[in-house]
file input13.csv (CSV, C-alpha atoms)
chain,number,residue,atom,x,y,z
A,1281,MET,CA,-69.3,-29.3,-66.4
A,1282,LYS,CA,-68.8,-28.4,-62.8
A,1283,LYS,CA,-65.5,-29.8,-61.3
A,1284,LYS,CA,-66.0,-32.2,-58.5
A,1285,ALA,CA,-64.4,-30.9,-55.3
A,1286,LEU,CA,-62.4,-33.1,-52.9
A,1287,THR,CA,-64.4,-35.1,-50.3
A,1288,LEU,CA,-63.6,-34.9,-46.6
A,1289,VAL,CA,-62.2,-38.4,-46.7
A,1290,GLU,CA,-59.8,-37.5,-49.5
A,1291,ILE,CA,-58.6,-34.4,-47.6
A,1292,LEU,CA,-58.2,-36.4,-44.4
A,1293,ILE,CA,-56.0,-38.9,-46.4
A,1294,VAL,CA,-53.9,-36.2,-47.8
A,1295,VAL,CA,-53.5,-34.5,-44.4
A,1296,ALA,CA,-52.6,-37.9,-42.8
A,1297,ILE,CA,-50.0,-38.7,-45.4
A,1298,SER,CA,-48.6,-35.2,-45.2
A,1299,GLY,CA,-48.5,-35.5,-41.4
A,1300,VAL,CA,-46.5,-38.8,-41.7
A,1301,LEU,CA,-44.1,-37.2,-44.2
A,1302,ILE,CA,-43.6,-34.1,-42.1
A,1303,LEU,CA,-42.9,-36.3,-39.1
A,1304,ALA,CA,-40.4,-38.3,-41.1
A,1305,LEU,CA,-38.9,-35.0,-42.4
A,1306,TYR,CA,-38.6,-33.7,-38.9
A,1307,SER,CA,-36.9,-36.8,-37.7
A,1308,PHE,CA,-34.6,-36.7,-40.7
A,1309,SER,CA,-33.8,-33.1,-40.2
A,1310,SER,CA,-33.0,-33.4,-36.5
A,1311,LYS,CA,-30.9,-36.6,-37.2
A,1312,SER,CA,-29.0,-34.9,-40.0
A,1313,GLN,CA,-28.4,-31.9,-37.8
A,1314,LYS,CA,-26.9,-34.1,-35.2
A,1315,ILE,CA,-24.8,-36.0,-37.7
A,1316,THR,CA,-23.6,-32.7,-39.3
A,1317,HIS,CA,-22.7,-31.4,-35.8
A,1318,TYR,CA,-20.8,-34.5,-34.7
A,1319,LYS,CA,-19.2,-35.1,-38.0
A,1320,GLY,CA,-18.0,-31.5,-38.0
A,1321,ILE,CA,-16.4,-32.1,-34.6
A,1322,LYS,CA,-14.9,-35.4,-35.8
A,1323,SER,CA,-13.4,-33.7,-38.9
A,1324,GLU,CA,-12.0,-31.0,-36.6
A,1325,MET,CA,-10.5,-33.8,-34.4
A,1326,GLN,CA,-9.0,-35.5,-37.4
A,1327,THR,CA,-7.4,-32.4,-38.8
A,1328,GLY,CA,-6.1,-31.5,-35.3
A,1329,ALA,CA,-4.7,-35.0,-34.9
A,1330,ARG,CA,-3.0,-35.0,-38.3
A,1331,ILE,CA,-1.3,-31.6,-37.7
A,1332,PHE,CA,-0.3,-32.7,-34.1
A,1333,ILE,CA,1.3,-35.9,-35.3
A,1334,GLU,CA,3.2,-34.1,-38.0
A,1335,ASN,CA,4.6,-31.7,-35.5
A,1336,PHE,CA,5.2,-34.5,-33.0
A,1337,PHE,CA,7.2,-36.5,-35.5
A,1338,ILE,CA,9.4,-33.6,-36.6
A,1339,ASP,CA,10.0,-32.4,-33.0
A,1340,ILE,CA,11.0,-35.9,-31.7
A,1341,GLN,CA,13.1,-36.8,-34.7
A,1342,SER,CA,15.2,-33.7,-34.3
A,1343,ALA,CA,15.3,-33.7,-30.5
A,1344,TYR,CA,18.4,-33.5,-28.4
A,1345,LYS,CA,16.5,-34.4,-25.3
A,1346,VAL,CA,12.9,-35.1,-24.3
A,1347,ARG,CA,11.3,-34.6,-21.0
A,1348,ILE,CA,7.9,-35.8,-19.9
A,1349,SER,CA,6.1,-34.4,-16.8
A,1350,GLY,CA,2.6,-35.7,-16.3
A,1351,SER,CA,0.7,-35.1,-19.5
A,1352,ASP,CA,3.2,-32.4,-20.7
A,1353,LEU,CA,6.1,-32.9,-23.0
A,1354,GLU,CA,9.2,-30.7,-23.4
A,1355,VAL,CA,11.5,-31.3,-26.4
A,1356,GLU,CA,14.9,-29.7,-26.5
A,1357,LEU,CA,15.9,-29.1,-30.1
A,1358,PHE,CA,19.3,-28.1,-31.6
A,1359,LYS,CA,19.2,-24.5,-32.7
A,1360,GLU,CA,21.5,-25.6,-35.6
A,1361,ILE,CA,21.9,-29.0,-37.0
A,1362,PRO,CA,25.4,-30.3,-35.7
A,1363,SER,CA,27.6,-32.0,-38.2
A,1364,ASN,CA,29.9,-34.9,-37.3
A,1365,SER,CA,32.9,-32.7,-37.3
A,1366,GLU,CA,31.3,-29.9,-35.3
A,1367,LEU,CA,29.4,-31.8,-32.6
A,1368,LYS,CA,29.6,-29.6,-29.5
A,1369,TYR,CA,29.4,-31.0,-26.0
A,1370,THR,CA,27.1,-28.3,-24.9
A,1371,PRO,CA,25.0,-27.5,-28.0
A,1372,GLU,CA,22.8,-24.5,-28.2
A,1373,THR,CA,19.2,-25.7,-27.9
A,1374,GLU,CA,15.7,-24.3,-27.8
A,1375,ILE,CA,12.5,-25.7,-26.3
A,1376,VAL,CA,9.3,-26.9,-27.8
A,1377,SER,CA,6.7,-27.5,-25.3
A,1378,TYR,CA,3.4,-29.4,-25.4
A,1379,GLU,CA,1.1,-28.3,-22.5
A,1380,PHE,CA,-2.1,-30.0,-21.7
A,1381,ASN,CA,-5.0,-28.1,-20.2
A,1382,LYS,CA,-7.3,-30.9,-19.0
A,1383,GLU,CA,-10.1,-28.6,-17.9
A,1384,ASP,CA,-10.4,-26.9,-21.4
A,1385,ARG,CA,-9.3,-30.0,-23.3
A,1386,ILE,CA,-6.6,-28.1,-25.2
A,1387,VAL,CA,-3.0,-29.0,-25.9
A,1388,VAL,CA,-0.8,-26.0,-26.7
A,1389,ARG,CA,2.4,-26.4,-28.7
A,1390,THR,CA,4.8,-23.5,-28.0
A,1391,HIS,CA,7.9,-22.9,-30.1
A,1392,ARG,CA,9.7,-19.6,-30.3
A,1393,ASN,CA,6.7,-17.8,-28.7
A,1394,LYS,CA,4.4,-19.2,-31.4
A,1395,LYS,CA,1.5,-21.1,-29.9
A,1396,LYS,CA,-0.7,-23.6,-31.7
A,1397,SER,CA,-3.7,-25.0,-29.9
A,1398,PHE,CA,-5.3,-28.4,-30.5
A,1399,TYR,CA,-8.8,-28.8,-29.3
A,1400,HIS,CA,-11.1,-31.6,-27.9
A,1401,VAL,CA,-8.2,-33.5,-26.4
A,1402,LYS,CA,-9.6,-35.4,-23.5
A,1403,GLU,CA,-6.5,-37.4,-22.7
A,1404,ILE,CA,-2.9,-37.3,-23.8
A,1405,GLU,CA,-0.2,-39.6,-22.7
A,1406,PHE,CA,3.5,-39.6,-23.5
A,1407,LYS,CA,6.0,-42.3,-22.6
A,1408,TYR,CA,9.7,-42.6,-23.0
A,1409,LEU,CA,10.9,-45.3,-25.3
A,1410,GLY,CA,14.3,-46.9,-24.6
A,1411,ILE,CA,16.2,-49.9,-25.9
A,1412,GLN,CA,17.4,-53.1,-24.5
A,1413,ALA,CA,19.9,-55.3,-26.2
A,1414,GLN,CA,19.0,-59.0,-26.2
A,1415,ASP,CA,20.9,-61.6,-28.1
A,1416,LYS,CA,22.5,-58.8,-30.1
A,1417,ILE,CA,19.1,-57.6,-31.2
A,1418,PHE,CA,17.8,-54.2,-30.0
A,1419,LYS,CA,14.4,-54.4,-28.5
A,1420,VAL,CA,12.3,-51.3,-27.9
A,1421,VAL,CA,11.0,-51.0,-24.3
A,1422,GLU,CA,9.8,-48.4,-21.9
A,1423,ALA,CA,12.6,-46.2,-20.7
A,1424,SER,CA,12.7,-45.1,-17.1
A,1425,ASP,CA,13.9,-41.6,-17.6
A,1426,SER,CA,14.7,-38.8,-20.0
A,1427,GLY,CA,18.4,-39.7,-20.1
A,1428,LYS,CA,17.7,-43.2,-21.5
A,1429,ALA,CA,15.0,-42.1,-23.9
A,1430,VAL,CA,15.5,-42.8,-27.6
A,1431,GLY,CA,11.9,-42.1,-28.6
A,1432,VAL,CA,8.4,-41.2,-27.3
A,1433,THR,CA,5.0,-42.9,-27.7
A,1434,LEU,CA,2.0,-40.7,-28.0
A,1435,ARG,CA,-1.6,-41.6,-27.2
A,1436,MET,CA,-4.4,-39.1,-27.7
A,1437,HIS,CA,-8.1,-39.5,-27.0
A,1438,PHE,CA,-10.3,-36.8,-28.6
A,1439,SER,CA,-13.7,-36.1,-27.2
A,1440,LYS,CA,-15.6,-32.8,-27.1
A,1441,LYS,CA,-16.2,-31.3,-23.7
A,1442,GLY,CA,-19.8,-31.9,-22.6
A,1443,ASP,CA,-20.3,-34.8,-25.1
A,1444,ASP,CA,-18.9,-37.6,-22.9
A,1445,ASP,CA,-22.3,-39.1,-22.0
A,1446,LYS,CA,-24.0,-38.5,-25.4
A,1447,GLU,CA,-24.6,-41.7,-27.4
A,1448,ASP,CA,-24.0,-40.3,-30.9
A,1449,ALA,CA,-20.9,-38.2,-29.9
A,1450,GLU,CA,-17.8,-38.9,-31.9
A,1451,THR,CA,-14.5,-39.8,-30.4
A,1452,PHE,CA,-11.1,-40.3,-32.0
A,1453,ASN,CA,-8.1,-42.2,-30.7
A,1454,VAL,CA,-4.5,-42.0,-31.9
A,1455,LEU,CA,-1.5,-44.1,-30.9
A,1456,THR,CA,1.9,-43.8,-32.5
A,1457,SER,CA,5.6,-43.5,-31.7
A,1458,ALA,CA,8.6,-41.5,-32.9
A,1459,PHE,CA,12.3,-41.9,-32.5
A,1460,ILE,CA,15.0,-39.4,-31.9
A,1461,LYS,CA,17.3,-39.3,-34.9
A,1462,THR,CA,20.1,-37.0,-33.6
A,1463,GLN,CA,23.6,-38.4,-32.7
A,1464,ASN,CA,23.1,-38.8,-29.0
A,1465,ALA,CA,20.2,-41.2,-29.4
A,1466,LEU,CA,21.6,-43.0,-32.4
A,1467,LEU,CA,24.8,-43.7,-30.4
A,1468,ARG,CA,22.6,-45.4,-27.8
A,1469,PHE,CA,20.8,-47.3,-30.5
A,1470,GLY,CA,24.0,-48.4,-32.0
A,1471,THR,CA,23.1,-47.3,-35.5
A,1472,GLN,CA,26.1,-45.0,-35.7
A,1473,GLY,CA,28.0,-47.1,-33.2
A,1474,PRO,CA,29.8,-50.4,-33.5
A,1475,ILE,CA,32.7,-49.5,-35.7
A,1476,LYS,CA,32.8,-45.7,-35.8
A,1477,TYR,CA,32.4,-45.1,-32.1
A,1478,GLY,CA,33.6,-48.3,-30.6
A,1479,TYR,CA,30.2,-49.1,-29.0
A,1480,PHE,CA,30.2,-52.8,-30.0
A,1481,SER,CA,30.4,-53.9,-26.3
A,1482,SER,CA,27.0,-52.3,-25.6
A,1483,LEU,CA,25.4,-55.0,-27.6
A,1484,GLU,CA,26.1,-57.4,-24.8
A,1485,ASP,CA,24.8,-55.0,-22.2
A,1486,SER,CA,21.1,-55.8,-21.6
A,1487,SER,CA,20.7,-52.8,-19.2
A,1488,PHE,CA,22.1,-50.3,-21.8
B,1022,MET,CA,-63.5,-22.0,-63.6
B,1023,LYS,CA,-60.1,-23.0,-62.4
B,1024,LYS,CA,-59.5,-26.7,-62.4
B,1025,ALA,CA,-58.6,-28.1,-58.9
B,1026,PHE,CA,-55.9,-30.7,-58.2
B,1027,SER,CA,-57.1,-34.2,-58.0
B,1028,LEU,CA,-56.2,-36.6,-55.1
B,1029,ALA,CA,-53.9,-38.5,-57.5
B,1030,GLU,CA,-52.0,-35.4,-58.5
B,1031,ILE,CA,-51.5,-34.4,-54.9
B,1032,MET,CA,-50.3,-37.9,-54.0
B,1033,MET,CA,-47.9,-37.8,-56.9
B,1034,ALA,CA,-46.5,-34.4,-55.8
B,1035,VAL,CA,-46.1,-35.7,-52.2
B,1036,MET,CA,-44.3,-38.8,-53.5
B,1037,ILE,CA,-41.9,-36.8,-55.7
B,1038,PHE,CA,-41.2,-34.5,-52.7
B,1039,PHE,CA,-40.5,-37.5,-50.5
B,1040,MET,CA,-38.2,-39.0,-53.1
B,1041,GLY,CA,-36.3,-35.7,-53.1
B,1042,ILE,CA,-35.9,-35.9,-49.4
B,1043,VAL,CA,-34.6,-39.5,-49.6
B,1044,GLY,CA,-32.0,-38.3,-52.1
B,1045,VAL,CA,-30.8,-35.5,-49.9
B,1046,TYR,CA,-30.6,-38.0,-47.0
B,1047,TYR,CA,-28.5,-40.4,-49.1
B,1048,LEU,CA,-26.1,-37.5,-49.9
B,1049,PHE,CA,-25.8,-36.7,-46.2
B,1050,SER,CA,-25.2,-40.3,-45.2
B,1051,GLN,CA,-22.5,-40.6,-48.0
B,1052,GLY,CA,-20.8,-37.6,-46.4
B,1053,SER,CA,-20.6,-39.4,-43.1
B,1054,VAL,CA,-19.3,-42.6,-44.8
B,1055,GLU,CA,-16.5,-40.5,-46.5
B,1056,LEU,CA,-15.6,-39.0,-43.2
B,1057,ALA,CA,-15.3,-42.4,-41.6
B,1058,LYS,CA,-13.1,-43.5,-44.5
B,1059,SER,CA,-10.8,-40.5,-44.1
B,1060,SER,CA,-10.4,-41.3,-40.4
B,1061,TYR,CA,-9.2,-44.8,-41.3
B,1062,VAL,CA,-6.6,-43.2,-43.6
B,1063,THR,CA,-5.4,-41.0,-40.7
B,1064,LEU,CA,-5.1,-44.0,-38.4
B,1065,ALA,CA,-3.4,-46.1,-41.0
B,1066,THR,CA,-0.9,-43.4,-41.5
B,1067,THR,CA,-0.1,-43.3,-37.8
B,1068,ILE,CA,0.6,-47.0,-37.9
B,1069,ALA,CA,2.8,-46.9,-41.0
B,1070,LYS,CA,4.8,-43.8,-39.9
B,1071,GLY,CA,5.5,-45.4,-36.5
B,1072,GLU,CA,6.7,-48.6,-38.1
B,1073,VAL,CA,8.9,-46.9,-40.7
B,1074,ASP,CA,10.4,-44.7,-38.0
B,1075,ARG,CA,11.2,-47.8,-35.9
B,1076,ILE,CA,12.8,-49.6,-38.8
B,1077,LYS,CA,14.8,-46.5,-39.9
B,1078,THR,CA,16.2,-46.2,-36.4
B,1079,SER,CA,17.4,-49.8,-36.3
B,1080,GLU,CA,20.9,-51.0,-37.0
B,1081,PHE,CA,21.2,-51.4,-40.7
B,1082,TYR,CA,22.4,-55.0,-40.7
B,1083,LEU,CA,19.4,-55.9,-38.5
B,1084,ILE,CA,16.9,-54.6,-41.0
B,1085,LYS,CA,15.8,-57.9,-42.4
B,1086,ASN,CA,12.4,-59.5,-43.0
B,1087,GLU,CA,12.9,-62.1,-40.3
B,1088,ASN,CA,13.6,-59.4,-37.6
B,1089,PHE,CA,10.4,-57.5,-38.4
B,1090,GLN,CA,8.0,-60.4,-39.2
B,1091,GLY,CA,8.3,-59.3,-42.8
B,1092,GLY,CA,6.1,-60.5,-45.6
B,1093,SER,CA,3.0,-61.5,-43.6
B,1094,TRP,CA,0.0,-59.5,-42.6
B,1095,ASP,CA,-0.3,-58.9,-38.9
B,1096,LYS,CA,-3.7,-57.9,-37.5
B,1097,ILE,CA,-4.0,-55.5,-34.6
B,1098,LYS,CA,-6.0,-57.5,-32.0
B,1099,ASP,CA,-7.6,-56.8,-28.7
B,1100,GLY,CA,-4.9,-56.6,-26.0
B,1101,ASP,CA,-2.1,-55.8,-28.5
B,1102,SER,CA,0.1,-52.9,-27.5
B,1103,ILE,CA,2.8,-50.7,-28.9
B,1104,TYR,CA,6.2,-52.1,-27.7
B,1105,GLY,CA,4.3,-53.7,-24.8
B,1106,ILE,CA,3.8,-50.3,-23.3
B,1107,ILE,CA,0.4,-48.8,-24.4
B,1108,LYS,CA,-2.6,-50.9,-25.6
B,1109,PHE,CA,-4.0,-50.0,-28.9
B,1110,PRO,CA,-7.3,-48.0,-28.6
B,1111,GLU,CA,-10.4,-49.7,-29.9
B,1112,ASP,CA,-10.4,-47.6,-33.1
B,1113,TYR,CA,-7.5,-49.8,-34.3
B,1114,ILE,CA,-8.5,-53.2,-33.1
B,1115,ASP,CA,-9.7,-55.9,-35.5
B,1116,ARG,CA,-9.7,-53.3,-38.3
B,1117,PHE,CA,-6.1,-52.8,-39.4
B,1118,GLU,CA,-3.5,-55.2,-40.6
B,1119,LYS,CA,0.1,-54.3,-41.3
B,1120,LYS,CA,2.8,-55.8,-43.4
B,1121,ILE,CA,6.5,-55.0,-43.7
B,1122,GLU,CA,8.5,-55.9,-46.8
B,1123,ILE,CA,12.3,-55.4,-46.8
B,1124,GLU,CA,14.3,-55.8,-50.0
B,1125,ASP,CA,18.0,-55.3,-50.7
B,1126,ILE,CA,18.6,-52.8,-53.4
B,1127,ILE,CA,22.3,-52.6,-53.1
B,1128,ASP,CA,24.0,-55.3,-51.1
B,1129,LYS,CA,25.0,-54.0,-47.6
B,1130,ARG,CA,24.3,-50.5,-48.7
B,1131,LEU,CA,20.7,-49.8,-49.5
B,1132,LYS,CA,17.4,-51.3,-48.6
B,1133,LYS,CA,13.9,-50.7,-49.7
B,1134,VAL,CA,11.3,-50.9,-46.9
B,1135,VAL,CA,7.6,-50.9,-47.6
B,1136,VAL,CA,5.1,-50.7,-44.7
B,1137,SER,CA,1.6,-51.5,-45.9
B,1138,VAL,CA,-1.5,-51.1,-43.8
B,1139,ARG,CA,-4.9,-52.4,-45.0
B,1140,TRP,CA,-8.4,-52.3,-43.6
B,1141,ASN,CA,-11.9,-53.3,-44.4
B,1142,GLU,CA,-14.4,-50.8,-45.7
B,1143,ILE,CA,-18.1,-51.3,-46.6
B,1144,VAL,CA,-18.6,-50.0,-50.1
B,1145,LYS,CA,-22.1,-50.2,-51.5
B,1146,GLY,CA,-22.9,-52.9,-49.0
B,1147,GLN,CA,-19.9,-55.0,-49.8
B,1148,GLU,CA,-16.7,-55.4,-47.7
B,1149,LYS,CA,-13.6,-54.2,-49.6
B,1150,TRP,CA,-10.0,-54.0,-48.6
B,1151,ARG,CA,-8.3,-50.6,-48.8
B,1152,GLN,CA,-4.6,-50.3,-48.5
B,1153,LEU,CA,-2.0,-47.7,-47.8
B,1154,ASN,CA,1.6,-48.3,-48.8
B,1155,PHE,CA,4.4,-46.4,-47.2
B,1156,PRO,CA,7.6,-47.0,-49.1
B,1157,THR,CA,11.0,-45.7,-47.9
B,1158,PHE,CA,14.7,-46.3,-48.5
B,1159,VAL,CA,17.2,-47.0,-45.8
B,1160,SER,CA,20.9,-46.5,-46.4
B,1161,ASN,CA,23.8,-47.8,-44.5
B,1162,SER,CA,25.2,-44.7,-42.8
B,1163,ARG,CA,28.6,-46.4,-42.4
B,1164,VAL,CA,29.2,-47.1,-46.1
B,1165,TYR,CA,29.0,-44.4,-48.7
B,1166,ILE,CA,27.0,-45.0,-51.8
B,1167,TYR,CA,28.3,-43.9,-55.2
B,1168,PHE,CA,25.7,-43.4,-57.8
call {"tool": "encode", "arguments": {"input": "input13.csv", "output": "structure tokens"}}
result
Amino acid sequence: MKKKALTLVEILIVVAISGVLILALYSFSSKSQKITHYKGIKSEMQTGARIFIENFFIDIQSAYKVRISGSDLEVELFKEIPSNSELKYTPETEIVSYEFNKEDRIVVRTHRNKKKSFYHVKEIEFKYLGIQAQDKIFKVVEASDSGKAVGVTLRMHFSKKGDDDKEDAETFNVLTSAFIKTQNALLRFGTQGPIKYGYFSSLEDSSF
Amino acid sequence: MKKAFSLAEIMMAVMIFFMGIVGVYYLFSQGSVELAKSSYVTLATTIAKGEVDRIKTSEFYLIKNENFQGGSWDKIKDGDSIYGIIKFPEDYIDRFEKKIEIEDIIDKRLKKVVVSVRWNEIVKGQEKWRQLNFPTFVSNSRVYIYF
């Protein structure tokens, strides 16, 4: 028996269905390409943020002094950890710097000539944290200068250069704070203070 | 003579192909969901670490539940700011809740501090809470502890 061939209508139906599916496939493919692209960038931002925050916490906690200038941060660290019995008045320190390049959206952390870059940083903001004693309770407030700082807040806004106006573009925001744990800041906080260092009177001083 | 494909066969093949594409799309979309979830974990960690750091820096005798609104969930709302200095970015707002629990382990010597951060996630179309606990111990640096 001779096999019946497809009619024109049947072929047209198949072509139409295939056309619809190809269109759907194209839309899916372009959408998934976009998703992969932006998610890849977001994953890069997240990884960068995680490493940055780890570095930031360790640097601030072990800081002797912190200095903020614009969007840059400079942390002075003890070269050696001083003990209670060997606290020098002029300790040997070294610098860790965080420099922000707004144009290229890069923050570079430099320590002992080693540089680590963090990408897609659109904005970065550091602020000094100070303390104020009120009713014998220490309240964390913004400090006016480096000399009164006991910690630093960090705000970062990640966004890839050139993606600012794109609707699907991914962004990532981080806000956190870290406190200095070395003696000079702890004295100001009073955590090592009242009995051992005779700092009890500072609790009454609201401008401390 | 070679038998040709019938319309039904072609249609079935097209459908199977289409189902395969839908499967691949589902996998892709799951990847994006997982990435969003991991970003919540990163943000929750920043909240918990910041809180733990603040508590650990405080005077030992002031580390009490009543001084840190301990025991209750506190949601980050629009307009909230960190120490009244910088407002929380929108990624945090109405998503995360934090809770601080302080417990005396050895009277006047050792405390246990747990900072928990929780947030809502959509899992298979249903909202579910996910929680990150950040426990730490704080010792009184003025009193030695003998174990």
call {"tool": "interface_residues", "arguments": {"input": "input13.csv", "of": "chain A", "to": "chain B", "cutoff": "7 Å", "atoms": "only C-alpha atoms", "output": "MDAnalysis selection string"}}
result
chainID A and resid 1283 1290 1319 1326 1330 1420:1422 1453:1459 1470:1471
call {"tool": "closest_residue", "arguments": {"input": "input13.csv", "among": "B:Met1033, B:Leu1048, B:Asp1128, B:Ser1160", "to": "Thr1316 in chain A", "atoms": "all atoms listed in the file"}}
result
B:Leu1048
call {"tool": "atom_distance", "arguments": {"input": "input13.csv", "atom1": "CA of Glu1354 in chain A", "atom2": "CA of Val1430 in chain A"}}
result
14.3 Å
call {"tool": "atom_distance", "arguments": {"input": "input13.csv", "atom1": "CA of Arg1130 in chain B", "atom2": "CA of Asn1154 in chain B"}}
result
22.8 Å
call {"tool": "atom_distance", "arguments": {"input": "input13.csv", "atom1": "CA of Trp1140 in chain B", "atom2": "CA of Glu1055 in chain B"}}
result
14.6 Å
call {"tool": "residues_around", "arguments": {"input": "input13.csv", "residues": "Arg1347 in chain A", "least_positions_apart": "6", "cutoff": "10 Å", "atoms": "only C-alpha atoms", "output": "ChimeraX atom specification"}}
result
/A:1353-1356,1377,1406-1408,1425-1427,1429,1432
call {"tool": "residues_around", "arguments": {"input": "input13.csv", "residues": "Glu1374 in chain A", "least_positions_apart": "3", "cutoff": "9 Å", "atoms": "all atoms listed in the file", "output": "number ranges by chain"}}
result
A: 1355-1359, 1391-1392
call {"tool": "residues_near_point", "arguments": {"input": "input13.csv", "point": "(16.1, -51.0, -22.3)", "cutoff": "6 Å", "atoms": "only C-alpha atoms", "output": "PyMOL selection string"}}
result
chain A and resi 1410-1412+1421+1487
call {"tool": "write_last_selection", "arguments": {"input": "input13.csv", "atoms": "C-alpha atoms", "output": "PDB file, keeping the file's coordinate frame"}}
result
ATOM      1  CA  GLY A1410      14.300 -46.900 -24.600  1.00  0.00           C
ATOM      2  CA  ILE A1411      16.200 -49.900 -25.900  1.00  0.00           C
ATOM      3  CA  GLN A1412      17.400 -53.100 -24.500  1.00  0.00           C
ATOM      4  CA  VAL A1421      11.000 -51.000 -24.300  1.00  0.00           C
ATOM      5  CA  SER A1487      20.700 -52.800 -19.200  1.00  0.00           C
TER       6      SER A1487
END
call {"tool": "residues_around", "arguments": {"input": "input13.csv", "residues": "Thr1157 in chain B", "least_positions_apart": "3", "cutoff": "9 Å", "atoms": "all atoms listed in the file", "output": "ChimeraX atom specification"}}
result
/B:1073,1077,1132-1136
call {"tool": "closest_residue", "arguments": {"input": "input13.csv", "among": "B:Lys1129, B:Phe1158, B:Phe1089, B:Lys1098", "to": "Lys1419 in chain A", "atoms": "all atoms listed in the file"}}
result
B:Phe1089
call {"tool": "closest_residue", "arguments": {"input": "input13.csv", "among": "B:Gly1100, B:Ser1137, B:Lys1120, B:Glu1142", "to": "Val1054 in chain B", "atoms": "only C-alpha atoms"}}
result
B:Glu1142
